[in-house]
>>> print(open('coords-v9.tsv').read())   # TSV, C-alpha atoms and all ligand atoms
chain	number	residue	atom	x	y	z
S	1	MET	CA	-19.93	151.57	-60.50
S	2	ASP	CA	-17.49	149.54	-62.52
S	3	MET	CA	-19.72	147.75	-65.01
S	4	ASP	CA	-16.84	145.88	-66.54
S	5	ARG	CA	-16.18	144.17	-63.24
S	6	ALA	CA	-19.84	143.67	-62.34
S	7	ALA	CA	-20.83	141.94	-65.54
S	8	PRO	CA	-18.48	138.94	-65.38
S	9	ARG	CA	-19.27	138.46	-61.70
S	10	LEU	CA	-23.00	138.26	-62.51
S	11	SER	CA	-22.49	135.77	-65.29
S	12	ARG	CA	-20.27	133.62	-63.06
S	13	ARG	CA	-23.04	133.57	-60.50
S	14	ARG	CA	-25.54	132.54	-63.18
S	15	LEU	CA	-23.25	129.75	-64.25
S	16	LEU	CA	-22.93	128.52	-60.67
S	17	LYS	CA	-26.67	128.65	-60.17
S	18	GLY	CA	-27.19	126.73	-63.40
S	19	ALA	CA	-24.71	124.09	-62.30
S	20	ALA	CA	-26.43	123.73	-58.94
S	21	LEU	CA	-29.83	123.31	-60.55
S	22	ALA	CA	-28.45	120.72	-62.94
S	23	ALA	CA	-27.46	118.62	-59.95
S	24	VAL	CA	-31.00	118.61	-58.52
S	25	PRO	CA	-32.98	115.50	-59.49
S	26	TYR	CA	-35.71	116.48	-61.94
S	27	ALA	CA	-38.50	115.31	-59.65
S	28	LEU	CA	-37.53	117.85	-57.01
S	29	LEU	CA	-37.85	120.85	-59.32
S	30	PRO	CA	-41.05	122.88	-59.10
S	31	ASP	CA	-43.80	121.79	-61.43
S	32	PRO	CA	-43.58	124.18	-64.41
S	33	ARG	CA	-47.40	124.32	-64.52
S	34	ALA	CA	-47.49	125.65	-60.95
S	35	GLY	CA	-46.71	129.15	-62.22
S	36	ALA	CA	-49.79	129.16	-64.44
S	37	GLN	CA	-52.18	129.32	-61.48
S	38	PRO	CA	-51.67	131.30	-58.29
S	39	GLN	CA	-50.48	128.98	-55.53
S	40	SER	CA	-52.94	130.44	-53.14
S	41	VAL	CA	-55.17	127.73	-51.72
S	42	ASP	CA	-54.67	126.59	-48.14
S	43	TYR	CA	-56.79	123.48	-48.72
S	44	PRO	CA	-55.42	121.55	-51.71
S	45	PRO	CA	-58.75	120.23	-53.08
S	46	ALA	CA	-60.06	123.80	-53.34
S	47	GLU	CA	-60.13	125.90	-56.47
S	48	TRP	CA	-58.74	129.43	-56.06
S	49	ARG	CA	-61.49	131.95	-56.83
S	50	PRO	CA	-60.18	135.11	-55.21
S	51	ALA	CA	-62.34	137.71	-53.54
S	52	SER	CA	-61.58	141.34	-54.31
S	53	THR	CA	-58.83	142.65	-52.05
S	54	ALA	CA	-61.34	145.39	-51.11
S	55	ASN	CA	-63.49	142.75	-49.39
S	56	TYR	CA	-61.22	141.39	-46.64
S	57	THR	CA	-58.41	142.45	-44.31
S	58	VAL	CA	-54.89	141.24	-45.00
S	59	SER	CA	-53.38	139.61	-41.92
S	60	ASP	CA	-50.92	136.91	-40.86
S	61	ARG	CA	-53.17	134.68	-38.82
S	62	PRO	CA	-52.69	132.74	-36.66
S	63	GLY	CA	-49.88	135.15	-35.77
S	64	ALA	CA	-51.94	138.31	-35.36
S	65	TYR	CA	-55.11	136.52	-34.20
S	66	ALA	CA	-55.66	132.99	-32.93
S	67	ILE	CA	-58.16	130.99	-34.99
S	68	ASP	CA	-60.57	129.05	-32.77
S	69	ARG	CA	-63.87	128.99	-34.64
S	70	VAL	CA	-65.33	127.75	-37.91
S	71	ILE	CA	-68.46	129.67	-38.88
S	72	ILE	CA	-71.04	127.93	-41.06
S	73	HIS	CA	-73.04	130.05	-43.49
S	74	VAL	CA	-75.63	129.60	-46.22
S	75	THR	CA	-75.25	131.91	-49.20
S	76	GLN	CA	-78.87	132.84	-50.01
S	77	GLU	CA	-77.41	133.03	-53.53
S	78	THR	CA	-76.23	130.57	-56.13
S	79	TYR	CA	-72.63	129.40	-55.92
S	80	SER	CA	-71.62	131.47	-58.95
S	81	ASP	CA	-73.44	134.57	-57.73
S	82	ALA	CA	-71.73	134.25	-54.35
S	83	LEU	CA	-68.31	134.12	-56.04
S	84	ALA	CA	-69.24	137.13	-58.18
S	85	ILE	CA	-70.31	139.09	-55.08
S	86	PHE	CA	-67.02	138.34	-53.31
S	87	ALA	CA	-65.09	139.41	-56.42
S	88	ASP	CA	-66.97	142.74	-56.59
S	89	PRO	CA	-65.01	145.43	-54.72
S	90	GLN	CA	-68.23	147.33	-53.97
S	91	LYS	CA	-69.78	144.53	-51.89
S	92	LYS	CA	-67.53	144.63	-48.82
S	93	VAL	CA	-68.21	140.99	-48.00
S	94	SER	CA	-66.32	137.72	-48.37
S	95	ALA	CA	-65.78	134.27	-46.89
S	96	HIS	CA	-62.76	132.01	-46.95
S	97	TYR	CA	-64.59	129.17	-48.71
S	98	VAL	CA	-67.74	128.48	-50.72
S	99	VAL	CA	-69.06	124.93	-51.10
S	100	ARG	CA	-71.23	124.12	-54.13
S	101	SER	CA	-74.50	122.28	-53.55
S	102	ALA	CA	-74.61	119.81	-56.44
S	103	ASP	CA	-71.19	118.21	-56.04
S	104	GLY	CA	-69.55	119.67	-52.94
S	105	HIS	CA	-66.93	121.46	-55.01
S	106	VAL	CA	-64.93	123.87	-52.82
S	107	ALA	CA	-63.78	127.34	-53.86
S	108	GLN	CA	-61.32	129.30	-51.73
S	109	CYS	CA	-61.80	133.09	-51.98
S	110	VAL	CA	-59.68	134.44	-49.10
S	111	ARG	CA	-56.50	133.01	-47.59
S	112	GLU	CA	-56.93	131.61	-44.08
S	113	ALA	CA	-54.19	134.01	-42.91
S	114	ASP	CA	-56.41	136.92	-43.89
S	115	VAL	CA	-59.58	138.14	-42.15
S	116	ALA	CA	-62.64	137.54	-44.33
S	117	TRP	CA	-65.71	139.71	-43.75
S	118	HIS	CA	-68.46	137.16	-43.16
S	119	ALA	CA	-69.59	137.28	-39.54
S	120	GLY	CA	-70.66	140.93	-39.30
S	121	ASN	CA	-68.60	141.11	-36.08
S	122	TRP	CA	-64.93	142.11	-36.16
S	123	GLY	CA	-63.94	139.94	-33.19
S	124	TYR	CA	-65.57	136.88	-34.71
S	125	ASN	CA	-64.13	137.64	-38.14
S	126	THR	CA	-60.60	137.78	-36.71
S	127	ARG	CA	-60.90	134.47	-34.85
S	128	SER	CA	-62.68	132.35	-37.44
S	129	VAL	CA	-62.65	130.69	-40.82
S	130	GLY	CA	-65.92	131.31	-42.67
S	131	ILE	CA	-67.47	128.67	-44.93
S	132	GLU	CA	-70.40	129.53	-47.17
S	133	HIS	CA	-72.69	126.79	-48.48
S	134	GLU	CA	-74.72	127.24	-51.62
S	135	GLY	CA	-78.39	127.27	-50.76
S	136	TRP	CA	-81.14	128.99	-48.84
S	137	VAL	CA	-82.05	128.65	-45.18
S	138	ASP	CA	-85.60	127.58	-46.09
S	139	ARG	CA	-84.57	125.15	-48.87
S	140	PRO	CA	-82.75	122.26	-47.15
S	141	GLU	CA	-82.73	120.26	-50.41
S	142	TYR	CA	-79.64	122.31	-51.27
S	143	PHE	CA	-77.80	120.61	-48.41
S	144	THR	CA	-76.83	117.52	-50.39
S	145	ASP	CA	-74.77	114.54	-49.21
S	146	ALA	CA	-71.89	115.82	-51.35
S	147	LEU	CA	-72.10	119.27	-49.78
S	148	TYR	CA	-72.07	117.83	-46.24
S	149	GLN	CA	-69.21	115.46	-47.06
S	150	GLN	CA	-66.92	117.98	-48.71
S	151	SER	CA	-67.68	120.70	-46.18
S	152	ALA	CA	-67.03	118.29	-43.29
S	153	ARG	CA	-63.66	117.35	-44.81
S	154	LEU	CA	-62.76	121.00	-45.16
S	155	THR	CA	-63.80	121.82	-41.59
S	156	ALA	CA	-61.91	118.76	-40.30
S	157	ALA	CA	-58.75	119.96	-42.06
S	158	ILE	CA	-59.14	123.46	-40.59
S	159	CYS	CA	-59.71	122.06	-37.09
S	160	ALA	CA	-56.64	119.83	-37.40
S	161	LYS	CA	-54.47	122.70	-38.64
S	162	TYR	CA	-55.33	125.16	-35.87
S	163	GLY	CA	-56.14	122.74	-33.03
S	164	ILE	CA	-59.82	123.67	-32.97
S	165	PRO	CA	-62.06	121.23	-31.04
S	166	ARG	CA	-64.57	119.54	-33.36
S	167	ASP	CA	-67.65	120.46	-31.36
S	168	ARG	CA	-70.62	122.84	-31.42
S	169	GLU	CA	-68.83	125.39	-29.27
S	170	HIS	CA	-66.17	125.89	-31.92
S	171	ILE	CA	-68.06	125.01	-35.10
S	172	ILE	CA	-70.91	127.49	-35.04
S	173	GLY	CA	-73.61	128.91	-37.24
S	174	HIS	CA	-73.67	132.53	-38.31
S	175	TYR	CA	-76.82	132.88	-36.20
S	176	GLN	CA	-74.70	132.27	-33.08
S	177	VAL	CA	-72.45	135.27	-33.67
S	178	PRO	CA	-73.22	137.93	-31.05
S	179	GLY	CA	-75.23	140.83	-32.41
S	180	THR	CA	-76.15	139.21	-35.72
S	181	ASP	CA	-79.61	139.24	-37.25
S	182	HIS	CA	-78.69	136.42	-39.66
S	183	THR	CA	-80.35	133.03	-39.26
S	184	ASP	CA	-78.03	130.88	-41.39
S	185	PRO	CA	-77.55	128.03	-41.80
S	186	GLY	CA	-81.16	127.72	-40.60
S	187	PRO	CA	-83.23	124.86	-39.20
S	188	GLY	CA	-82.65	122.68	-42.27
S	189	TRP	CA	-78.96	122.26	-41.44
S	190	ASP	CA	-78.34	118.90	-39.74
S	191	TRP	CA	-75.84	119.81	-37.02
S	192	VAL	CA	-75.73	116.37	-35.41
S	193	ARG	CA	-74.86	114.77	-38.73
S	194	TYR	CA	-72.38	117.50	-39.63
S	195	ILE	CA	-70.42	117.38	-36.37
S	196	ARG	CA	-70.30	113.58	-36.59
S	197	MET	CA	-68.94	113.82	-40.14
S	198	VAL	CA	-66.33	116.40	-39.13
S	199	ASN	CA	-65.15	114.03	-36.41
S	200	PHE	CA	-64.91	111.08	-38.77
S	201	SER	CA	-63.38	112.91	-41.74
E	301	ZN	ZN	-73.94	134.01	-42.90
>>> encode(input="coords-v9.tsv", output="structure tokens", more="lines below")
Ligand SMILES: [Zn+2]
Amino acid sequence: MDMDRAAPRLSRRRLLKGAALAAVPYALLPDPRAGAQPQSVDYPPAEWRPASTANYTVSDRPGAYAIDRVIIHVTQETYSDALAIFADPQKKVSAHYVVRSADGHVAQCVREADVAWHAGNWGYNTRSVGIEHEGWVDRPEYFTDALYQQSARLTAAICAKYGIPRDREHIIGHYQVPGTDHTDPGPGWDWVRYIRMVNFS
């Protein structure tokens, strides 16, 4: 390798690149703050709170698997405990999103392209986006207006992105997953209200 020839070529390329960047209007350059946080959310209002990579399957959905379901869960944990569980590589569980009860704040833990482990059924995991809601199936007071509103917006965005019909056949509870013994979101979840909100979000 002739280093004497390689070096000037490299610096010429750098100069050219610098000149090209200088011609780009400032507003089109990437936000310098963007590098400070991983650019990993699929839903812009969400905060990125990643699950352990041991708790989901990397994929390239909807390439590898079509996405045609949203699965509604209730955590049976606090919001912060749910995030801690998903971040723990021993737990072997995750969901794409967690919605906080008090204010509807949304955390994204797994990219939509990847298969989160939330349904307890591989086929349903591969075809769905899983949303956890902070609360307990027997404590409907956790299902606040803010939680319904922000969750409905999130589900509406997912349905729009993947062409999922906004109905009860495609927006289902964990209890509807074949073979499950889970009951979430439970009888306190207002499905009629939720589906209406998803359609008007
Ligand atoms: Zn569940």
>>> residues_around(input="coords-v9.tsv", residues="Tyr142 of chain S", least_positions_apart="6", cutoff="10 Å", atoms="all atoms listed in the file", output="PyMOL selection string")
chain S and resi 74+100-102+133-136+188-189
>>> residues_around(input="coords-v9.tsv", residues="segment 58-67 of chain S", least_positions_apart="4", cutoff="6 Å", atoms="all atoms listed in the file", output="PyMOL selection string")
chain S and resi 113-114+127-128
>>> write_last_selection(input="coords-v9.tsv", atoms="C-alpha atoms", output="mmCIF file, in the coordinates of the input")
data_model
loop_
_atom_site.group_PDB
_atom_site.id
_atom_site.type_symbol
_atom_site.label_atom_id
_atom_site.label_comp_id
_atom_site.auth_asym_id
_atom_site.auth_seq_id
_atom_site.Cartn_x
_atom_site.Cartn_y
_atom_site.Cartn_z
ATOM 1 C CA ALA S 113 -54.190 134.010 -42.910
ATOM 2 C CA ASP S 114 -56.410 136.920 -43.890
ATOM 3 C CA ARG S 127 -60.900 134.470 -34.850
ATOM 4 C CA SER S 128 -62.680 132.350 -37.440
#
>>> closest_residue(input="coords-v9.tsv", among="S:Gln90, S:Ser151, S:Thr78, S:Gln176", to="ligand ZN 301 (chain E)", atoms="all atoms listed in the file")
S:Gln176
>>> closest_atom_pairs(input="coords-v9.tsv", of="chain S", to="ligand ZN 301 (chain E)", cutoff="8 Å", atoms="only C-alpha atoms and all ligand atoms", output="Markdown table")
| residue | atom | partner | partner_atom | distance |
| --- | --- | --- | --- | --- |
| S:Ile72 | CA | E:ZN301 | ZN | 7.0 |
| S:His73 | CA | E:ZN301 | ZN | 4.1 |
| S:Val74 | CA | E:ZN301 | ZN | 5.8 |
| S:Thr75 | CA | E:ZN301 | ZN | 6.8 |
| S:His118 | CA | E:ZN301 | ZN | 6.3 |
| S:Ala119 | CA | E:ZN301 | ZN | 6.4 |
| S:Glu132 | CA | E:ZN301 | ZN | 7.1 |
| S:Gly173 | CA | E:ZN301 | ZN | 7.6 |
| S:His174 | CA | E:ZN301 | ZN | 4.8 |
| S:Tyr175 | CA | E:ZN301 | ZN | 7.4 |
| S:His182 | CA | E:ZN301 | ZN | 6.2 |
| S:Thr183 | CA | E:ZN301 | ZN | 7.4 |
| S:Asp184 | CA | E:ZN301 | ZN | 5.4 |
| S:Pro185 | CA | E:ZN301 | ZN | 7.1 |
>>> atom_distance(input="coords-v9.tsv", atom1="atom CA of His96 of chain S", atom2="atom CA of Ala51 of chain S")
8.7 Å
>>> closest_residue(input="coords-v9.tsv", among="S:His105, S:Gly186, S:Arg49, S:Val115", to="Asp138 of chain S", atoms="all atoms listed in the file")
S:Gly186
>>> atom_distance(input="coords-v9.tsv", atom1="atom CA of Asn199 of chain S", atom2="atom CA of Asp103 of chain S")
21.0 Å
>>> atom_distance(input="coords-v9.tsv", atom1="atom CA of Tyr79 of chain S", atom2="atom CA of Arg166 of chain S")
25.9 Å
>>> residues_around(input="coords-v9.tsv", residues="Thr155 of chain S", least_positions_apart="6", cutoff="12 Å", atoms="all atoms listed in the file", output="PyMOL selection string")
chain S and resi 43+68-72+96-99+106+128-132+147-149+161-167+170-172+194-201
>>> axis_aligned_box(input="coords-v9.tsv", around="segment 123-140 of chain S", padding_each_side="4 Å", output="JSON")
{"center_x": -73.1, "center_y": 131.1, "center_z": -42.4, "size_x": 33.0, "size_y": 25.7, "size_z": 26.4}
>>> closest_residue(input="coords-v9.tsv", among="S:Pro44, S:Gly104, S:Gly123, S:Pro50", to="Ala146 of chain S", atoms="only C-alpha atoms")
S:Gly104
>>> closest_residue(input="coords-v9.tsv", among="S:Leu154, S:Thr57, S:Lys92, S:Arg168", to="Ala116 of chain S", atoms="all atoms listed in the file")
S:Thr57
>>> closest_residue(input="coords-v9.tsv", among="S:Gln150, S:Thr144, S:Asn121, S:Ser94", to="Thr180 of chain S", atoms="only C-alpha atoms")
S:Asn121
>>> decode(input="coords-v9.tsv", residues="segment 52-95 of chain S", atoms="N, CA and C atoms", output="PDB file, in the first residue's frame")
ATOM      1  N   SER S  52     -34.327  -5.295  27.521  1.00  0.00           N
ATOM      2  CA  SER S  52     -33.099  -6.059  27.300  1.00  0.00           C
ATOM      3  C   SER S  52     -33.212  -6.798  25.974  1.00  0.00           C
ATOM      4  N   THR S  53     -32.108  -6.854  25.241  1.00  0.00           N
ATOM      5  CA  THR S  53     -32.128  -7.585  23.968  1.00  0.00           C
ATOM      6  C   THR S  53     -32.344  -9.083  24.185  1.00  0.00           C
ATOM      7  N   ALA S  54     -32.243  -9.544  25.442  1.00  0.00           N
ATOM      8  CA  ALA S  54     -32.526 -10.954  25.750  1.00  0.00           C
ATOM      9  C   ALA S  54     -34.025 -11.223  25.843  1.00  0.00           C
ATOM     10  N   ASN S  55     -34.835 -10.163  25.748  1.00  0.00           N
ATOM     11  CA  ASN S  55     -36.275 -10.308  26.004  1.00  0.00           C
ATOM     12  C   ASN S  55     -37.165 -10.136  24.783  1.00  0.00           C
ATOM     13  N   TYR S  56     -36.575 -10.146  23.585  1.00  0.00           N
ATOM     14  CA  TYR S  56     -37.396 -10.075  22.366  1.00  0.00           C
ATOM     15  C   TYR S  56     -36.586 -10.676  21.217  1.00  0.00           C
ATOM     16  N   THR S  57     -37.230 -10.845  20.076  1.00  0.00           N
ATOM     17  CA  THR S  57     -36.574 -11.424  18.904  1.00  0.00           C
ATOM     18  C   THR S  57     -36.384 -10.338  17.844  1.00  0.00           C
ATOM     19  N   VAL S  58     -35.155 -10.132  17.444  1.00  0.00           N
ATOM     20  CA  VAL S  58     -34.872  -9.150  16.400  1.00  0.00           C
ATOM     21  C   VAL S  58     -35.486  -9.628  15.088  1.00  0.00           C
ATOM     22  N   SER S  59     -36.152  -8.717  14.389  1.00  0.00           N
ATOM     23  CA  SER S  59     -36.778  -9.074  13.115  1.00  0.00           C
ATOM     24  C   SER S  59     -36.783  -7.850  12.208  1.00  0.00           C
ATOM     25  N   ASP S  60     -37.458  -7.966  11.065  1.00  0.00           N
ATOM     26  CA  ASP S  60     -37.560  -6.817  10.162  1.00  0.00           C
ATOM     27  C   ASP S  60     -39.012  -6.646   9.718  1.00  0.00           C
ATOM     28  N   ARG S  61     -39.916  -6.875  10.670  1.00  0.00           N
ATOM     29  CA  ARG S  61     -41.331  -6.703  10.357  1.00  0.00           C
ATOM     30  C   ARG S  61     -41.577  -5.301   9.789  1.00  0.00           C
ATOM     31  N   PRO S  62     -42.525  -5.131   8.892  1.00  0.00           N
ATOM     32  CA  PRO S  62     -43.446  -6.159   8.394  1.00  0.00           C
ATOM     33  C   PRO S  62     -42.880  -6.992   7.239  1.00  0.00           C
ATOM     34  N   GLY S  63     -41.562  -6.997   7.051  1.00  0.00           N
ATOM     35  CA  GLY S  63     -40.995  -7.833   6.000  1.00  0.00           C
ATOM     36  C   GLY S  63     -41.124  -9.312   6.313  1.00  0.00           C
ATOM     37  N   ALA S  64     -40.595  -9.720   7.454  1.00  0.00           N
ATOM     38  CA  ALA S  64     -40.589 -11.132   7.821  1.00  0.00           C
ATOM     39  C   ALA S  64     -41.984 -11.630   8.205  1.00  0.00           C
ATOM     40  N   TYR S  65     -42.744 -10.782   8.869  1.00  0.00           N
ATOM     41  CA  TYR S  65     -44.091 -11.151   9.334  1.00  0.00           C
ATOM     42  C   TYR S  65     -45.013  -9.954   9.132  1.00  0.00           C
ATOM     43  N   ALA S  66     -46.189 -10.191   8.578  1.00  0.00           N
ATOM     44  CA  ALA S  66     -47.188  -9.126   8.484  1.00  0.00           C
ATOM     45  C   ALA S  66     -47.687  -8.782   9.890  1.00  0.00           C
ATOM     46  N   ILE S  67     -47.999  -7.524  10.101  1.00  0.00           N
ATOM     47  CA  ILE S  67     -48.531  -7.081  11.397  1.00  0.00           C
ATOM     48  C   ILE S  67     -50.013  -6.769  11.205  1.00  0.00           C
ATOM     49  N   ASP S  68     -50.891  -7.550  11.848  1.00  0.00           N
ATOM     50  CA  ASP S  68     -52.325  -7.337  11.647  1.00  0.00           C
ATOM     51  C   ASP S  68     -53.123  -7.324  12.949  1.00  0.00           C
ATOM     52  N   ARG S  69     -52.415  -7.223  14.079  1.00  0.00           N
ATOM     53  CA  ARG S  69     -53.116  -7.170  15.356  1.00  0.00           C
ATOM     54  C   ARG S  69     -52.419  -6.188  16.289  1.00  0.00           C
ATOM     55  N   VAL S  70     -53.245  -5.538  17.128  1.00  0.00           N
ATOM     56  CA  VAL S  70     -52.728  -4.823  18.296  1.00  0.00           C
ATOM     57  C   VAL S  70     -53.265  -5.579  19.501  1.00  0.00           C
ATOM     58  N   ILE S  71     -52.384  -5.924  20.433  1.00  0.00           N
ATOM     59  CA  ILE S  71     -52.821  -6.677  21.613  1.00  0.00           C
ATOM     60  C   ILE S  71     -52.717  -5.782  22.851  1.00  0.00           C
ATOM     61  N   ILE S  72     -53.859  -5.670  23.535  1.00  0.00           N
ATOM     62  CA  ILE S  72     -53.993  -4.798  24.702  1.00  0.00           C
ATOM     63  C   ILE S  72     -53.742  -5.612  25.970  1.00  0.00           C
ATOM     64  N   HIS S  73     -52.826  -5.097  26.791  1.00  0.00           N
ATOM     65  CA  HIS S  73     -52.473  -5.743  28.051  1.00  0.00           C
ATOM     66  C   HIS S  73     -52.630  -4.783  29.218  1.00  0.00           C
ATOM     67  N   VAL S  74     -52.699  -5.373  30.412  1.00  0.00           N
ATOM     68  CA  VAL S  74     -52.584  -4.617  31.659  1.00  0.00           C
ATOM     69  C   VAL S  74     -51.411  -5.227  32.420  1.00  0.00           C
ATOM     70  N   THR S  75     -50.584  -4.358  32.998  1.00  0.00           N
ATOM     71  CA  THR S  75     -49.280  -4.789  33.512  1.00  0.00           C
ATOM     72  C   THR S  75     -49.340  -5.684  34.745  1.00  0.00           C
ATOM     73  N   GLN S  76     -50.332  -5.433  35.631  1.00  0.00           N
ATOM     74  CA  GLN S  76     -50.317  -6.066  36.966  1.00  0.00           C
ATOM     75  C   GLN S  76     -49.043  -5.670  37.727  1.00  0.00           C
ATOM     76  N   GLU S  77     -48.503  -4.529  37.376  1.00  0.00           N
ATOM     77  CA  GLU S  77     -47.298  -3.962  37.988  1.00  0.00           C
ATOM     78  C   GLU S  77     -47.429  -2.448  37.859  1.00  0.00           C
ATOM     79  N   THR S  78     -46.583  -1.718  38.576  1.00  0.00           N
ATOM     80  CA  THR S  78     -46.511  -0.289  38.293  1.00  0.00           C
ATOM     81  C   THR S  78     -45.792  -0.081  36.966  1.00  0.00           C
ATOM     82  N   TYR S  79     -45.960   1.118  36.427  1.00  0.00           N
ATOM     83  CA  TYR S  79     -45.269   1.492  35.179  1.00  0.00           C
ATOM     84  C   TYR S  79     -43.765   1.274  35.316  1.00  0.00           C
ATOM     85  N   SER S  80     -43.183   1.787  36.404  1.00  0.00           N
ATOM     86  CA  SER S  80     -41.719   1.705  36.531  1.00  0.00           C
ATOM     87  C   SER S  80     -41.265   0.264  36.759  1.00  0.00           C
ATOM     88  N   ASP S  81     -42.055  -0.514  37.492  1.00  0.00           N
ATOM     89  CA  ASP S  81     -41.688  -1.924  37.663  1.00  0.00           C
ATOM     90  C   ASP S  81     -41.775  -2.683  36.340  1.00  0.00           C
ATOM     91  N   ALA S  82     -42.770  -2.353  35.533  1.00  0.00           N
ATOM     92  CA  ALA S  82     -42.894  -3.014  34.224  1.00  0.00           C
ATOM     93  C   ALA S  82     -41.662  -2.719  33.363  1.00  0.00           C
ATOM     94  N   LEU S  83     -41.226  -1.455  33.347  1.00  0.00           N
ATOM     95  CA  LEU S  83     -40.037  -1.104  32.560  1.00  0.00           C
ATOM     96  C   LEU S  83     -38.803  -1.828  33.092  1.00  0.00           C
ATOM     97  N   ALA S  84     -38.716  -1.942  34.414  1.00  0.00           N
ATOM     98  CA  ALA S  84     -37.567  -2.634  35.018  1.00  0.00           C
ATOM     99  C   ALA S  84     -37.579  -4.113  34.662  1.00  0.00           C
ATOM    100  N   ILE S  85     -38.758  -4.724  34.625  1.00  0.00           N
ATOM    101  CA  ILE S  85     -38.876  -6.143  34.257  1.00  0.00           C
ATOM    102  C   ILE S  85     -38.430  -6.341  32.804  1.00  0.00           C
ATOM    103  N   PHE S  86     -38.875  -5.471  31.917  1.00  0.00           N
ATOM    104  CA  PHE S  86     -38.500  -5.610  30.502  1.00  0.00           C
ATOM    105  C   PHE S  86     -36.997  -5.392  30.302  1.00  0.00           C
ATOM    106  N   ALA S  87     -36.395  -4.592  31.161  1.00  0.00           N
ATOM    107  CA  ALA S  87     -34.951  -4.311  31.039  1.00  0.00           C
ATOM    108  C   ALA S  87     -34.095  -5.413  31.668  1.00  0.00           C
ATOM    109  N   ASP S  88     -34.734  -6.330  32.393  1.00  0.00           N
ATOM    110  CA  ASP S  88     -34.000  -7.399  33.095  1.00  0.00           C
ATOM    111  C   ASP S  88     -33.851  -8.611  32.179  1.00  0.00           C
ATOM    112  N   PRO S  89     -32.628  -8.940  31.789  1.00  0.00           N
ATOM    113  CA  PRO S  89     -32.441 -10.036  30.814  1.00  0.00           C
ATOM    114  C   PRO S  89     -32.907 -11.396  31.308  1.00  0.00           C
ATOM    115  N   GLN S  90     -33.154 -11.534  32.612  1.00  0.00           N
ATOM    116  CA  GLN S  90     -33.621 -12.816  33.150  1.00  0.00           C
ATOM    117  C   GLN S  90     -35.119 -13.035  32.928  1.00  0.00           C
ATOM    118  N   LYS S  91     -35.863 -11.978  32.628  1.00  0.00           N
ATOM    119  CA  LYS S  91     -37.328 -12.078  32.693  1.00  0.00           C
ATOM    120  C   LYS S  91     -37.972 -12.674  31.454  1.00  0.00           C
ATOM    121  N   LYS S  92     -37.312 -12.581  30.320  1.00  0.00           N
ATOM    122  CA  LYS S  92     -37.813 -13.190  29.083  1.00  0.00           C
ATOM    123  C   LYS S  92     -39.225 -12.731  28.735  1.00  0.00           C
ATOM    124  N   VAL S  93     -39.466 -11.439  28.918  1.00  0.00           N
ATOM    125  CA  VAL S  93     -40.777 -10.881  28.592  1.00  0.00           C
ATOM    126  C   VAL S  93     -40.580  -9.423  28.183  1.00  0.00           C
ATOM    127  N   SER S  94     -41.457  -8.949  27.313  1.00  0.00           N
ATOM    128  CA  SER S  94     -41.375  -7.556  26.869  1.00  0.00           C
ATOM    129  C   SER S  94     -42.677  -7.200  26.160  1.00  0.00           C
ATOM    130  N   ALA S  95     -42.853  -5.901  25.915  1.00  0.00           N
ATOM    131  CA  ALA S  95     -43.927  -5.420  25.052  1.00  0.00           C
ATOM    132  C   ALA S  95     -43.356  -4.247  24.273  1.00  0.00           C
TER     133      ALA S  95
END
